[in-house]
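Have a look at the structure below, then the notes.
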Amino acid sequence: MARRQRDVVSVEWVKLELIRAAYATRGGLFSRMDPRMVLLWYVIMAAAPWLTHNITVLAGLFALGAVSVALARVGPLLLLLFIVGLGLETIYILAVALLFGGNAETAVALLELTLKLGAVSTASMAAFVSLDPEKLSDALLSLRAPALLAFAVSYGYRMLPILVEEFNTVFDNYRIRSAPPARHGFLGIRTLVHWVKMAVLSFYPIFLNTAQSVRTTVESLETRGFTYATVDQRGRDIRLGYLKVTALDICVVATTAVLVLLAYLAGDQWPLMRRDFMSG
Amino acid sequence: MTEIAYRRAGALRGTDDQGRRPLDLTPPQKLMIFVLSMSMFGLSNILLEIIPDLTIGPFDLSVSYFVFVPLTLAALLSPFWVALGAPLGEIIFTDLLMGDFSGLAEVEGFLQMFLAIFIAGSVIRNPRNRAQIAVGAVLVVFIDKLLSAAVDLTKVWVGVEDAEYVEGLPESMLVLEGVGFGIDIIISGVLFGVLPALWLVPALHGRIEPLLGMRPRVPGEPIPGQAAASGWFVGAALMLSLASFFFAFLEAWDVSIGAFEPEYLEQYGTWFLWISVAAIVVLLGASILLFRRAQARPVAPAEPDRAAAEEEHVG
Amino acid sequence: MGSSTSPIIDLQDVSFRYPGAAEDTLRNVNLQIEAGDFTTVVGGNGSAKTTLCKTFNGLVPHYWSGDFSGVARVCGIDTFTSSVAELSSRVGYVYQDFMNQLVRPTVRDEVSFGPVNFGLADHAERTAEALEMLRITELSDRFVWQLSGGQAHLTALASVLAMRPEIVVVDEPVAELDPARALEIYQRLELLNREFGLTVVSIEHHAEFIAQFASSVVLMSQGSQVWHLPVDEAVYRSAELEDHGIPAPQIVQAAQRLGLQDTPRTVDSAVTALGAAAPAVPTSSTTTPPDGEQNGSRPSPGPESSGPAAHREETPVAAVQSVSHGYKTVKNDLRMVLHDVDLEVRRGDRLALLGSNGSGKTTLLKLLAGISVPRSGEVVVDGVSTRSRSAGRLADHVAYIWQQPQQMFLKESIRGDVRLFPAGRGEKNVDSLVEDILHQVRLAEFADADGRTLSGGQQRRATLAIGLAMRPSVLLLDEPTASLDIASRDSVIAMLEQLSGSIACSVVATHDMTLVSEWANRVIVLDAGRIAADLSPRELFDQPELLRRAHLVPPQITQLGQQIGMSPAPLTVDEFVQRFRQEQPLGGDLVETERS
């Protein structure tokens, strides 16, 4: 089989996807909002589904979540992963439940759970895809989260592409210099074991190399007052000075609140509970 | 140039009477351990995201995480700071980034992993002892998965209205969780935990510490930020595991208000609801406080612990 | 020097031992640096230059909690009783691996990070000022990972300048940058030093930068200070510097060999000095130096025969056939790095691949190694298309040596790393092969050490050993002499020279003009993904326009030769001296003795 340059499912691709995901290059409604208000919006959306067993309400909230995902312009990859994950999970539980003598009612019970989880997941996707790490980190800081946590968020994203690349290089070295198994084995099991072994062995150099670069990073943080800023409040105030709640923020949060309330009212009007499906 | 016998001319500064410096972590060292464990565990999780999962029926035969990564760091550097950094790395690098962030469930996952790494890391008193490393690796998966299986079961119990009356559901959940637990112990705990850790911990011992400006740990010597067998720690651990349940409850509980679910309130009374909410708030506050304080200074190992370690070292 | 005010940096009997180390790294250092000085710290790899500089901003002993003895006063503050935070407003530090120093996503964030953390109300002005001082205001909104090496270095420098320090320490700027960009960094530092009175301390191996920019020089050896002298005196002690791995600048060597009294510090001053010694140097078109003279007796293709479309019967060892390659960007468009490149590498070629950062050198090497395959076109090595074999199988034909040695150290010992490939391929007598190679690169005594614990030069030699153990036809090296002191660099070049017997051809991507002039017999200049020139080293240095475009700076001796009108320009000091004398009435008889 001739080798070709691949643009998907390669390390380079993963790196780009990560940067894209992290820095919300797709734009969208929530990326224009104050990050603290996005978090508030998320709390409303994530809490609402847990307050009811009414399937009508849950369906309404799920729809609201789906619309938010569209407004946030979530990428196709994430969406696909989400749908597949949620779908498979439900199917498996259903299959096993039927094995133990469940019936249509079990299916409805699972529908309820799926809707709940789905509504919460769509909300978190919409919110966290739209928050770039800097904004999220500032929002956390402003909400009095520990400075270490806020730093970890912003630093993690900066480091990630570099780490992935470093791993790629070390793994390439292993790939080139260690002998592949002579035969693929049953279902390619030998090759699989070889690759897994290389991935695990790669951690020895990665550990040491990363320790070396982390040293420089932390020294640099230290000399530039990172620890000082966790004690002294002035730096925090300057950093968070730009956060401002605008009309858009209030508008979005209020609309969401109203829609959630409407969903509940609709549920009250046309309730649809699991026991409605109970046989007999 | 000829080599002149070298002798220090200046007076040595900042040591104790014995001239030995205690193995205390300075704030930047804590930060380095934290950042390193966060990056490494995050990276390993990204790798697992890329590798397609192998599932046979409902059973997930994939690797949950590379246990050996946080375990190695915890055994060599500091269980506390690694336990803090590693699960955070997982949340930030994979969950948040892949849009897989599940809100409060992340807090629950964080607490489980924190406890698992902290306790397992503290079990390793000698980084050259193979038995301790093996126990540590299995213990991480055991604690984490046991807690999460319990949480999962509770979630369905509570998340689905009258779950126990849904035919087949409780049994199927129990079987799924039980088998899943066993698979995780074997794959994540042994294949990707014990085996790599047995090789990596001794390989890195004495090599990675100098890079971080630390003295390698002498076998048996208590490392800073190690879980101490004190009442304080047992209390805190209990509190954290309870907290992880509460977070699970918070999202799964029938927090039904007003007209929507009147029969529920009659059954238990509103007071129960408010007490659990209050408990969660208190616990959340306490854990943030702990986190903050821990940033400021290392968790001092309890005195009897140190004596025990010295005995061990002699023996 | 010699001012009466108290020095801005004052170390007395400072010793330091890293935690867990067996012996002291710094040993009784007594050092005084005056305010407004431009000091360079020199010394071989492992002479504790970096550790010394970390005592200035308190990282030693506050961050590195080892054994610290003696007193270090910086700006009048005893660093031991002070803190890193307090000292950081006085001392700025730019690291050798400055990419790891950048902790924020955008340039502006990065520069304002310090002032904001310290809660300074004028953080915005400081940021703007620092960006302006280095003229990188237009980079403000870039993400740090989009920056080139030079831009990233300037950003790191700006981020410490924003704290308005009195002292700036710069650790080996030349290590990770191409020479033209390193020169630019030095020019900006000189400006800061002259116009703002900033005290600059740099760690440097390259004598030409020291001679041109420094006002005083500190020589370190094995953790102690040997001396601290004004630059004129320091440069004069060229023999002593050479003992410590810092050979004198080429122009100084030439001046001393020619018996000049003054030590010239720049090419211009050397031209003046030589002009005085020899008023009329004729342009010698008759004395054509024998080509490849410094390449020994190896059959050299010679520059004439290696021009484009050389007429040779022999099949090339490696061939690149109309290859184009590129990468996807974050915005999902394709950025092409190589455009329709054709190249044949023949037996005996010592090919130097030149070009500025980002011109496609590394990409081309990786395509040759089969680590990646081109989007269009073919790469054939030893008659095997890289598309037809996995990178692991291609490793039987071609070995690629990465730029960062530590990325190649996979095992716990050098021996293990060298063994990995031959042992895996079931070679016979693996042990003796490995031992032979370790002896060949003079690393037998370090065979059991982890590669990371070795010095820079040893690390490079270890990676060479790894490559050799693969017994390839083609050896590819990415910047093999970057961040080495001169002595280590020379040993690596000498090693490459020796290896030519066991390898059909080598390709080296480099910025190091000494490597080009002393080792290569063929040069490919890449410019924006296209081959701009295919010529001999000597022809290269006669084309200033080409050099400028590729961000290359010819060796000083070549510049000097050009400026006094030698054509073709000389490549080595030996050649310069020889030809200079030849053109003098009395010099003719020296030629033969010099050659031997």
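Starting from 1 in every chain, residues are counted up; chains themselves are A, B, ... following the order of the structure tokens, and ligands are numbered from 1 as listed.
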
task: Using only C-alpha atoms, determine which residues lie at most 10 Å from range 477-488 of chain C, disregarding the query and same-chain residues fewer than 5 positions distant; provide the list as an MDAnalysis selection string.
output: chainID C and resid 42:45 96 172:178 204:207 242:248 352:353 361:362 365:366 399:405 455:461 463:464 467 493:494 496 506:512 514:515

field: Within 7 Å of range 180-195 of chain C using only C-alpha atoms, minus same-chain residues under 3 positions, as a list in words
entry: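 In the requested form, the answer reads Gly36, Phe38, Leu134, Gly150, Pro173, Val174, Leu177, Leu198, Thr199, Val200, Phe213, His551, Leu552 and Val553 of chain C.
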
statement: Separating CA of Ala254 in chain C from CA of Arg549 in chain C, to the nearest tenth of an Å, is a gap of 28.1 Å

message: Taking only C-alpha atoms into account and nothing else, which residues of chain C lie no more than 6 Å away from chain A? Please answer as a PyMOL selection string.
response: chain C and resi 84-85+88+100-101+114+116-119+330+373+375+387-388+391-392+407+410+421+424-425

task: Give me, as a VMD selection string, the contact residues of chain C against chain B at a cut-off of 10 Å, counting only C-alpha atoms.
output: chain C and resid 12 to 16 18 to 21 24 26 to 29 61 to 71 80 224 226 240 243 411 to 412 450 452 to 453

message: For a quick check of understanding, using only C-alpha atoms, which of B:Ala149, B:Ile92, B:Asp144, B:Gln112 has the smallest distance to Leu136 in chain A?
response: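 That would be B:Ile92, the residue with the smallest distance to Leu136 in chain A.
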
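Of note, CA of Trp519 in chain C and CA of Arg350 in chain C are spaced 7.3 Å apart.
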
query: Distance CA of Val175 in chain B-CA of Val107 in chain B, one decimal place?
result: 25.8 Å

message: Ranking A:Gly65, A:Gly241, A:Gly267, A:Gly60 by minimum distance to chain B and counting only C-alpha atoms, which one comes first?
response: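 Residue with the minimum atom-to-atom distance to chain B: A:Gly267.
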
field: Residues within 10 Å of Tyr264 in chain A, only C-alpha atoms, excluding chain neighbours under 5 positions, as a ChimeraX atom specification
entry: /A:48-49,51-52,54,56-58,60-61,258-259,269-271 /B:260

Could you write those residues out with C-alpha atoms, as a compact mmCIF listing (two decimals), in the first residue's frame?
```txt
# COMPACT_ATOMS: atom_id res chain seq x y z
CA ALA A 48 -32.97 22.64 34.74
CA PRO A 49 -33.19 19.04 33.42
CA LEU A 51 -35.60 19.16 38.37
CA THR A 52 -38.18 17.05 36.59
CA ASN A 54 -41.65 15.11 32.88
CA THR A 56 -42.38 16.94 27.75
CA VAL A 57 -40.19 19.33 29.71
CA LEU A 58 -37.09 17.28 29.04
CA GLY A 60 -38.21 21.01 25.38
CA LEU A 61 -34.92 21.46 27.22
CA VAL A 258 -37.95 32.48 29.83
CA LEU A 259 -37.64 29.53 27.46
CA GLN A 269 -50.05 21.71 30.49
CA TRP A 270 -49.33 18.51 28.62
CA PRO A 271 -47.56 16.28 31.11
CA PHE B 260 -44.32 19.37 39.59
```
